[in-house]
file input.pdb (PDB, C-alpha atoms)
ATOM      1  CA  MET H   1    -111.244 127.545 -36.288  1.00  0.00           C
ATOM      2  CA  LYS H   2    -114.971 127.247 -35.744  1.00  0.00           C
ATOM      3  CA  TYR H   3    -116.860 129.553 -33.415  1.00  0.00           C
ATOM      4  CA  ALA H   4    -118.932 128.123 -30.580  1.00  0.00           C
ATOM      5  CA  THR H   5    -121.678 130.702 -31.134  1.00  0.00           C
ATOM      6  CA  ALA H   6    -124.294 130.697 -33.885  1.00  0.00           C
ATOM      7  CA  TYR H   7    -123.362 133.579 -36.141  1.00  0.00           C
ATOM      8  CA  ASP H   8    -125.580 135.970 -38.087  1.00  0.00           C
ATOM      9  CA  GLY H   9    -123.412 137.960 -40.484  1.00  0.00           C
ATOM     10  CA  LYS H  10    -125.815 140.900 -40.775  1.00  0.00           C
ATOM     11  CA  SER H  11    -125.975 142.068 -37.156  1.00  0.00           C
ATOM     12  CA  MET H  12    -122.860 140.461 -35.647  1.00  0.00           C
ATOM     13  CA  ALA H  13    -119.102 140.836 -35.803  1.00  0.00           C
ATOM     14  CA  LYS H  14    -116.465 138.496 -34.448  1.00  0.00           C
ATOM     15  CA  ALA H  15    -112.806 138.252 -33.516  1.00  0.00           C
ATOM     16  CA  MET H  16    -110.683 135.379 -32.270  1.00  0.00           C
ATOM     17  CA  GLY H  17    -107.376 135.184 -30.457  1.00  0.00           C
ATOM     18  CA  VAL H  18    -105.577 131.876 -30.949  1.00  0.00           C
ATOM     19  CA  ALA H  19    -102.862 130.606 -28.594  1.00  0.00           C
ATOM     20  CA  LEU H  20    -102.751 133.764 -26.487  1.00  0.00           C
ATOM     21  CA  PRO H  21    -100.061 133.616 -23.762  1.00  0.00           C
ATOM     22  CA  ILE H  22    -102.518 134.035 -20.880  1.00  0.00           C
ATOM     23  CA  SER H  23    -103.894 131.802 -18.142  1.00  0.00           C
ATOM     24  CA  THR H  24    -107.027 129.914 -19.151  1.00  0.00           C
ATOM     25  CA  LYS H  25    -108.514 130.175 -15.656  1.00  0.00           C
ATOM     26  CA  LYS H  26    -108.077 133.948 -15.540  1.00  0.00           C
ATOM     27  CA  ALA H  27    -109.448 134.256 -19.068  1.00  0.00           C
ATOM     28  CA  VAL H  28    -112.571 132.252 -18.127  1.00  0.00           C
ATOM     29  CA  GLU H  29    -113.292 134.526 -15.139  1.00  0.00           C
ATOM     30  CA  LEU H  30    -112.625 137.613 -17.244  1.00  0.00           C
ATOM     31  CA  CYS H  31    -114.979 136.430 -19.997  1.00  0.00           C
ATOM     32  CA  SER H  32    -117.808 135.791 -17.543  1.00  0.00           C
ATOM     33  CA  PHE H  33    -117.258 139.314 -16.142  1.00  0.00           C
ATOM     34  CA  VAL H  34    -117.482 140.967 -19.594  1.00  0.00           C
ATOM     35  CA  ARG H  35    -120.224 138.836 -21.201  1.00  0.00           C
ATOM     36  CA  GLY H  36    -123.503 140.673 -21.804  1.00  0.00           C
ATOM     37  CA  ARG H  37    -122.107 144.176 -21.315  1.00  0.00           C
ATOM     38  CA  GLY H  38    -121.961 146.981 -23.835  1.00  0.00           C
ATOM     39  CA  LEU H  39    -118.707 146.980 -25.793  1.00  0.00           C
ATOM     40  CA  SER H  40    -117.515 150.431 -24.719  1.00  0.00           C
ATOM     41  CA  ALA H  41    -118.431 149.709 -21.083  1.00  0.00           C
ATOM     42  CA  ALA H  42    -116.541 146.395 -21.219  1.00  0.00           C
ATOM     43  CA  VAL H  43    -113.394 148.038 -22.593  1.00  0.00           C
ATOM     44  CA  ARG H  44    -113.618 150.790 -19.963  1.00  0.00           C
ATOM     45  CA  LEU H  45    -114.033 148.220 -17.164  1.00  0.00           C
ATOM     46  CA  LEU H  46    -111.049 146.179 -18.339  1.00  0.00           C
ATOM     47  CA  GLU H  47    -108.904 149.311 -18.502  1.00  0.00           C
ATOM     48  CA  ASP H  48    -109.951 150.043 -14.906  1.00  0.00           C
ATOM     49  CA  VAL H  49    -108.906 146.501 -13.973  1.00  0.00           C
ATOM     50  CA  MET H  50    -105.479 147.103 -15.509  1.00  0.00           C
ATOM     51  CA  ALA H  51    -105.225 150.295 -13.413  1.00  0.00           C
ATOM     52  CA  GLU H  52    -106.303 148.251 -10.330  1.00  0.00           C
ATOM     53  CA  LYS H  53    -109.423 150.357  -9.765  1.00  0.00           C
ATOM     54  CA  VAL H  54    -111.890 147.482 -10.308  1.00  0.00           C
ATOM     55  CA  ALA H  55    -111.297 143.822  -9.452  1.00  0.00           C
ATOM     56  CA  ILE H  56    -112.530 140.857 -11.483  1.00  0.00           C
ATOM     57  CA  PRO H  57    -114.698 138.647  -9.235  1.00  0.00           C
ATOM     58  CA  PHE H  58    -113.381 135.070  -9.228  1.00  0.00           C
ATOM     59  CA  ARG H  59    -116.333 132.711  -8.877  1.00  0.00           C
ATOM     60  CA  LYS H  60    -115.304 129.446 -10.517  1.00  0.00           C
ATOM     61  CA  TYR H  61    -111.577 129.426  -9.726  1.00  0.00           C
ATOM     62  CA  ALA H  62    -111.582 131.042  -6.279  1.00  0.00           C
ATOM     63  CA  LYS H  63    -110.026 128.239  -4.246  1.00  0.00           C
ATOM     64  CA  GLY H  64    -106.535 128.391  -2.831  1.00  0.00           C
ATOM     65  CA  GLY H  65    -106.535 131.639  -0.894  1.00  0.00           C
ATOM     66  CA  THR H  66    -107.818 134.135  -3.455  1.00  0.00           C
ATOM     67  CA  GLY H  67    -107.869 137.476  -1.667  1.00  0.00           C
ATOM     68  CA  HIS H  68    -111.215 139.132  -1.023  1.00  0.00           C
ATOM     69  CA  LYS H  69    -111.913 142.547  -2.514  1.00  0.00           C
ATOM     70  CA  PRO H  70    -114.451 145.041  -1.111  1.00  0.00           C
ATOM     71  CA  GLY H  71    -117.994 144.366  -2.257  1.00  0.00           C
ATOM     72  CA  ILE H  72    -117.299 141.353  -4.499  1.00  0.00           C
ATOM     73  CA  GLY H  73    -115.580 138.704  -2.401  1.00  0.00           C
ATOM     74  CA  PRO H  74    -112.694 136.792  -3.984  1.00  0.00           C
ATOM     75  CA  GLY H  75    -111.182 138.718  -6.866  1.00  0.00           C
ATOM     76  CA  ARG H  76    -107.985 139.612  -8.710  1.00  0.00           C
ATOM     77  CA  TYR H  77    -106.487 142.034 -11.212  1.00  0.00           C
ATOM     78  CA  PRO H  78    -105.398 139.885 -14.205  1.00  0.00           C
ATOM     79  CA  LYS H  79    -103.590 142.636 -16.128  1.00  0.00           C
ATOM     80  CA  LYS H  80    -102.001 140.545 -18.878  1.00  0.00           C
ATOM     81  CA  ALA H  81    -105.256 138.756 -19.691  1.00  0.00           C
ATOM     82  CA  CYS H  82    -107.143 142.081 -19.668  1.00  0.00           C
ATOM     83  CA  ALA H  83    -104.696 143.585 -22.157  1.00  0.00           C
ATOM     84  CA  GLU H  84    -105.196 140.679 -24.564  1.00  0.00           C
ATOM     85  CA  VAL H  85    -108.995 140.737 -24.239  1.00  0.00           C
ATOM     86  CA  VAL H  86    -109.093 144.528 -24.764  1.00  0.00           C
ATOM     87  CA  LYS H  87    -107.167 144.017 -28.032  1.00  0.00           C
ATOM     88  CA  LEU H  88    -109.725 141.415 -29.117  1.00  0.00           C
ATOM     89  CA  LEU H  89    -112.681 143.638 -28.208  1.00  0.00           C
ATOM     90  CA  LYS H  90    -111.186 146.506 -30.219  1.00  0.00           C
ATOM     91  CA  GLN H  91    -110.648 144.143 -33.177  1.00  0.00           C
ATOM     92  CA  ALA H  92    -114.282 143.035 -32.970  1.00  0.00           C
ATOM     93  CA  GLU H  93    -115.365 146.689 -32.873  1.00  0.00           C
ATOM     94  CA  ALA H  94    -113.259 147.449 -35.970  1.00  0.00           C
ATOM     95  CA  ASN H  95    -114.771 144.445 -37.758  1.00  0.00           C
ATOM     96  CA  ALA H  96    -118.252 145.720 -36.852  1.00  0.00           C
ATOM     97  CA  LYS H  97    -117.464 149.180 -38.225  1.00  0.00           C
ATOM     98  CA  VAL H  98    -116.270 147.648 -41.495  1.00  0.00           C
ATOM     99  CA  LYS H  99    -119.607 145.799 -41.729  1.00  0.00           C
ATOM    100  CA  GLY H 100    -121.459 149.078 -41.168  1.00  0.00           C
ATOM    101  CA  LEU H 101    -122.777 148.341 -37.658  1.00  0.00           C
ATOM    102  CA  ASP H 102    -123.297 151.174 -35.157  1.00  0.00           C
ATOM    103  CA  ALA H 103    -120.407 151.063 -32.655  1.00  0.00           C
ATOM    104  CA  THR H 104    -122.466 152.712 -29.882  1.00  0.00           C
ATOM    105  CA  LYS H 105    -125.050 149.892 -29.924  1.00  0.00           C
ATOM    106  CA  LEU H 106    -122.631 146.959 -29.775  1.00  0.00           C
ATOM    107  CA  VAL H 107    -123.043 144.401 -26.994  1.00  0.00           C
ATOM    108  CA  VAL H 108    -120.673 141.536 -26.160  1.00  0.00           C
ATOM    109  CA  SER H 109    -123.144 138.729 -26.819  1.00  0.00           C
ATOM    110  CA  SER H 110    -120.609 135.913 -26.580  1.00  0.00           C
ATOM    111  CA  ILE H 111    -117.089 135.724 -25.241  1.00  0.00           C
ATOM    112  CA  LEU H 112    -115.452 132.517 -24.125  1.00  0.00           C
ATOM    113  CA  ALA H 113    -112.047 131.057 -23.419  1.00  0.00           C
ATOM    114  CA  ASN H 114    -110.817 127.584 -24.321  1.00  0.00           C
ATOM    115  CA  LYS H 115    -107.619 125.839 -23.375  1.00  0.00           C
ATOM    116  CA  GLY H 116    -105.028 125.996 -26.142  1.00  0.00           C
ATOM    117  CA  ALA H 117    -102.233 123.608 -27.055  1.00  0.00           C
ATOM    118  CA  LEU H 118     -99.638 123.278 -24.296  1.00  0.00           C
ATOM    119  CA  SER H 119     -96.120 123.469 -25.697  1.00  0.00           C
ATOM    120  CA  TRP H 120     -92.925 123.194 -23.681  1.00  0.00           C
ATOM    121  CA  HIS H 121     -90.713 126.124 -22.735  1.00  0.00           C
ATOM    122  CA  PHE H 122     -87.533 125.830 -24.764  1.00  0.00           C
ATOM    123  CA  GLY H 123     -84.424 124.618 -22.986  1.00  0.00           C
ATOM    124  CA  ARG H 124     -86.052 123.790 -19.658  1.00  0.00           C
ATOM    125  CA  GLN H 125     -84.786 120.620 -18.035  1.00  0.00           C
ATOM    126  CA  ARG H 126     -87.710 120.483 -15.629  1.00  0.00           C
ATOM    127  CA  ARG H 127     -90.137 120.497 -18.593  1.00  0.00           C
ATOM    128  CA  ARG H 128     -92.273 123.536 -17.859  1.00  0.00           C
ATOM    129  CA  ARG H 129     -95.410 124.114 -19.949  1.00  0.00           C
ATOM    130  CA  MET H 130     -96.462 127.369 -21.616  1.00  0.00           C
ATOM    131  CA  LYS H 131     -99.882 128.901 -20.970  1.00  0.00           C
ATOM    132  CA  ARG H 132    -101.965 129.037 -24.133  1.00  0.00           C
ATOM    133  CA  THR H 133    -105.603 130.089 -24.418  1.00  0.00           C
ATOM    134  CA  HIS H 134    -108.009 130.577 -27.322  1.00  0.00           C
ATOM    135  CA  VAL H 135    -110.499 133.441 -26.817  1.00  0.00           C
ATOM    136  CA  GLU H 136    -113.400 134.177 -29.149  1.00  0.00           C
ATOM    137  CA  VAL H 137    -115.545 137.310 -29.115  1.00  0.00           C
ATOM    138  CA  VAL H 138    -118.876 137.897 -30.855  1.00  0.00           C
ATOM    139  CA  VAL H 139    -120.490 141.336 -30.640  1.00  0.00           C
ATOM    140  CA  THR H 140    -124.068 142.054 -31.663  1.00  0.00           C
ATOM    141  CA  GLU H 141    -125.731 145.283 -32.651  1.00  0.00           C
ATOM    142  CA  SER H 142    -128.550 145.690 -30.156  1.00  0.00           C
ATOM    143  CA  ALA H 143    -131.571 147.927 -30.651  1.00  0.00           C
ATOM    144  CA  THR H 144    -132.071 148.123 -26.868  1.00  0.00           C
ATOM    145  CA  ALA H 145    -128.530 149.136 -25.905  1.00  0.00           C
ATOM    146  CA  GLY H 146    -129.638 152.553 -24.647  1.00  0.00           C
ATOM    147  CA  LYS H 147    -132.949 151.346 -23.217  1.00  0.00           C
ATOM    148  CA  SER H 148    -131.528 149.008 -20.567  1.00  0.00           C
ATOM    149  CA  LYS H 149    -131.874 151.639 -17.826  1.00  0.00           C
ATOM    150  CA  VAL H 150    -135.560 152.084 -18.689  1.00  0.00           C
ATOM    151  CA  LYS H 151    -136.130 148.329 -18.503  1.00  0.00           C
ATOM    152  CA  LYS H 152    -134.387 148.117 -15.140  1.00  0.00           C
ATOM    153  CA  ALA H 153    -136.635 150.871 -13.769  1.00  0.00           C
ATOM    154  CA  GLU H 154    -139.736 149.049 -15.032  1.00  0.00           C
ATOM    155  CA  VAL H 155    -138.569 145.779 -13.485  1.00  0.00           C
ATOM    156  CA  LYS H 156    -137.880 147.514 -10.160  1.00  0.00           C
ATOM    157  CA  ALA H 157    -141.350 149.094 -10.143  1.00  0.00           C
ATOM    158  CA  ALA H 158    -143.004 145.754 -10.907  1.00  0.00           C
ATOM    159  CA  ALA H 159    -141.009 144.034  -8.142  1.00  0.00           C
ATOM    160  CA  LYS H 160    -141.999 146.763  -5.697  1.00  0.00           C
ATOM    161  CA  GLU H 161    -145.694 146.354  -6.549  1.00  0.00           C
ATOM    162  CA  LYS H 162    -145.412 142.588  -6.179  1.00  0.00           C
ATOM    163  CA  ALA H 163    -143.744 142.916  -2.772  1.00  0.00           C
ATOM    164  CA  GLN H 164    -146.402 145.374  -1.622  1.00  0.00           C
ATOM    165  CA  PHE H 165    -149.173 143.020  -2.766  1.00  0.00           C
ATOM    166  CA  ARG H 166    -147.552 140.117  -0.892  1.00  0.00           C
ATOM    167  CA  SER H 167    -147.207 142.138   2.299  1.00  0.00           C
ATOM    168  CA  GLU H 168    -150.886 143.213   2.097  1.00  0.00           C
ATOM    169  CA  ARG H 169    -151.951 139.615   1.511  1.00  0.00           C
ATOM    170  CA  ASN H 170    -149.848 138.432   4.478  1.00  0.00           C
ATOM    171  CA  VAL H 171    -151.420 141.070   6.729  1.00  0.00           C
ATOM    172  CA  GLN H 172    -154.911 139.983   5.650  1.00  0.00           C
ATOM    173  CA  SER H 173    -154.143 136.306   6.253  1.00  0.00           C
ATOM    174  CA  ASP H 174    -152.669 137.165   9.670  1.00  0.00           C
ATOM    175  CA  ASN H 175    -155.849 139.085  10.565  1.00  0.00           C
ATOM    176  CA  VAL H 176    -157.959 136.084   9.548  1.00  0.00           C
ATOM    177  CA  ARG H 177    -155.779 133.735  11.608  1.00  0.00           C
ATOM    178  CA  PHE H 178    -155.963 135.940  14.673  1.00  0.00           C
ATOM    179  CA  ALA H 179    -159.714 136.369  14.303  1.00  0.00           C
ATOM    180  CA  THR H 180    -160.292 132.599  14.062  1.00  0.00           C
ATOM    181  CA  ALA H 181    -157.909 131.959  16.944  1.00  0.00           C
ATOM    182  CA  GLY H 182    -159.895 134.347  19.136  1.00  0.00           C
ATOM    183  CA  LYS H 183    -163.165 132.530  18.355  1.00  0.00           C
ATOM    184  CA  ALA H 184    -161.715 129.177  19.230  1.00  0.00           C
ATOM    185  CA  VAL H 185    -160.656 130.390  22.692  1.00  0.00           C
ATOM    186  CA  ALA H 186    -164.038 131.911  23.562  1.00  0.00           C
TER
END

call {"tool": "encode", "arguments": {"input": "input.pdb", "output": "structure tokens"}}
result
Amino acid sequence: MKYATAYDGKSMAKAMGVALPISTKKAVELCSFVRGRGLSAAVRLLEDVMAEKVAIPFRKYAKGGTGHKPGIGPGRYPKKACAEVVKLLKQAEANAKVKGLDATKLVVSSILANKGALSWHFGRQRRRRMKRTHVEVVVTESATAGKSKVKKAEVKAAAKEKAQFRSERNVQSDNVRFATAGKAVA
């Protein structure tokens, strides 16, 4: 099968699960939760989901009475899907090690779920379908994996300076407005 992501063989590793017996909707939400995270952090988070310590926020498929979890809104604990995705992430990590990539710098650059072929459950008179999902994972060796905290601090400082500048500018414009309003009355 083809991958949906452009692939550079030198700094990337990939793994694909075909026809996994998991819900496509749960897999889509799980993939959006894991995408962009460090590989070890993603595996740790999914293991916490399986232990029901952390809930996966459901954003796209949240209709129909999805229970709200503290701090995230609608969310669930898709244990079966997490187990399958953890296997795939570990396979991608093993593939990266074989290529000679540093496992501590790996980031999940692309992970997505597609609907698989729907076959029938055997022997069912009411014709019930099986859940099948294709999941593909691409991990990238990132030079900035450890520097993300530094970047966040820099971004916070810049945002703080910008907010302070805006508040000073608003105070100055308010002073000008009040000064001109006082002249008009007199």

call {"tool": "resolve_selection", "arguments": {"input": "input.pdb", "expression": "the PyMOL selection byres ((chain H and resi 23) around 8)", "output": "list in words"}}
result
Pro21, Ile22, Thr24, Lys25, Lys26, Ala27, Ala81, Lys131, Arg132 and Thr133 of chain H

call {"tool": "closest_residue", "arguments": {"input": "input.pdb", "among": "H:Val137, H:Ala113, H:Ala94, H:Ala19", "to": "Tyr7 of chain H", "atoms": "only C-alpha atoms"}}
result
H:Val137

call {"tool": "atom_distance", "arguments": {"input": "input.pdb", "atom1": "atom CA of Ala4 of chain H", "atom2": "atom CA of Glu136 of chain H"}}
result
8.3 Å

call {"tool": "residues_around", "arguments": {"input": "input.pdb", "residues": "segment 52-59 of chain H", "least_positions_apart": "3", "cutoff": "12 Å", "atoms": "all atoms listed in the file", "output": "NGL selection string"}}
result
:H and (25-34 or 42 or 44-49 or 62-79 or 81-82)

call {"tool": "residues_around", "arguments": {"input": "input.pdb", "residues": "Lys105 of chain H", "least_positions_apart": "4", "cutoff": "10 Å", "atoms": "all atoms listed in the file", "output": "list in words"}}
result
Gly38, Leu39, Ser40, Leu101, Val139, Thr140, Glu141, Ser142, Ala143, Thr144, Ala145 and Gly146 of chain H

call {"tool": "atom_distance", "arguments": {"input": "input.pdb", "atom1": "atom CA of Val107 of chain H", "atom2": "atom CA of Ala13 of chain H"}}
result
10.3 Å

call {"tool": "resolve_selection", "arguments": {"input": "input.pdb", "expression": "the PyMOL selection byres ((chain H and resi 120) around 6)", "output": "ChimeraX atom specification"}}
result
/H:119,121,128-130

call {"tool": "write_last_selection", "arguments": {"input": "input.pdb", "atoms": "C-alpha atoms", "output": "PDB file, keeping the file's coordinate frame"}}
result
ATOM      1  CA  SER H 119     -96.120 123.469 -25.697  1.00  0.00           C
ATOM      2  CA  HIS H 121     -90.713 126.124 -22.735  1.00  0.00           C
ATOM      3  CA  ARG H 128     -92.273 123.536 -17.859  1.00  0.00           C
ATOM      4  CA  ARG H 129     -95.410 124.114 -19.949  1.00  0.00           C
ATOM      5  CA  MET H 130     -96.462 127.369 -21.616  1.00  0.00           C
TER       6      MET H 130
END

call {"tool": "atom_distance", "arguments": {"input": "input.pdb", "atom1": "atom CA of Val155 of chain H", "atom2": "atom CA of Ser167 of chain H"}}
result
18.4 Å

call {"tool": "resolve_selection", "arguments": {"input": "input.pdb", "expression": "the PyMOL selection byres ((chain H and resi 36) around 6)", "output": "ChimeraX atom specification"}}
result
/H:35,37,108-109

call {"tool": "closest_residue", "arguments": {"input": "input.pdb", "among": "H:Lys156, H:Val138, H:Gly100, H:Val43", "to": "Met16 of chain H", "atoms": "all atoms listed in the file"}}
result
H:Val138

call {"tool": "axis_aligned_box", "arguments": {"input": "input.pdb", "around": "segment 70-80 of chain H", "padding_each_side": "6 Å", "output": "lines of an AutoDock Vina configuration file"}}
result
center_x = -110.0
center_y = 140.9
center_z = -10.0
size_x = 28.0
size_y = 20.2
size_z = 29.8

call {"tool": "decode", "arguments": {"input": "input.pdb", "residues": "segment 134-146 of chain H", "atoms": "N, CA, C and O atoms", "output": "short mmCIF file (atom, residue, chain, number, x, y, z; two decimals), in the first residue's frame"}}
result
data_model
loop_
_atom_site.label_atom_id
_atom_site.label_comp_id
_atom_site.auth_asym_id
_atom_site.auth_seq_id
_atom_site.Cartn_x
_atom_site.Cartn_y
_atom_site.Cartn_z
N HIS H 134 -7.17 0.88 8.49
CA HIS H 134 -5.76 0.94 8.13
C HIS H 134 -5.14 2.13 8.87
O HIS H 134 -5.69 3.24 8.83
N VAL H 135 -4.02 1.91 9.54
CA VAL H 135 -3.32 3.00 10.25
C VAL H 135 -1.88 3.03 9.75
O VAL H 135 -1.22 2.00 9.69
N GLU H 136 -1.42 4.22 9.38
CA GLU H 136 -0.02 4.37 8.97
C GLU H 136 0.68 5.37 9.88
O GLU H 136 0.09 6.37 10.30
N VAL H 137 1.93 5.06 10.20
CA VAL H 137 2.74 5.88 11.10
C VAL H 137 4.04 6.22 10.41
O VAL H 137 4.69 5.33 9.84
N VAL H 138 4.43 7.48 10.45
CA VAL H 138 5.74 7.92 9.97
C VAL H 138 6.39 8.72 11.09
O VAL H 138 5.81 9.69 11.58
N VAL H 139 7.58 8.27 11.51
CA VAL H 139 8.32 9.00 12.54
C VAL H 139 9.54 9.64 11.91
O VAL H 139 10.13 9.09 10.97
N THR H 140 9.91 10.81 12.42
CA THR H 140 11.02 11.58 11.87
C THR H 140 12.01 11.86 12.98
O THR H 140 11.62 12.15 14.11
N GLU H 141 13.28 11.79 12.63
CA GLU H 141 14.31 12.17 13.59
C GLU H 141 14.41 13.70 13.58
O GLU H 141 14.69 14.31 12.55
N SER H 142 14.14 14.31 14.73
CA SER H 142 14.10 15.75 14.81
C SER H 142 15.31 16.26 15.59
O SER H 142 15.64 15.73 16.64
N ALA H 143 15.94 17.30 15.07
CA ALA H 143 17.08 17.89 15.76
C ALA H 143 16.62 18.75 16.94
O ALA H 143 17.38 19.01 17.86
N THR H 144 15.35 19.17 16.93
CA THR H 144 14.85 20.06 17.97
C THR H 144 13.96 19.34 18.97
O THR H 144 13.15 19.96 19.63
N ALA H 145 14.10 18.02 19.10
CA ALA H 145 13.22 17.28 19.99
C ALA H 145 13.39 17.71 21.44
O ALA H 145 12.44 17.83 22.19
N GLY H 146 14.62 17.99 21.86
CA GLY H 146 14.85 18.40 23.24
C GLY H 146 14.72 19.90 23.45
O GLY H 146 14.69 20.38 24.58
#
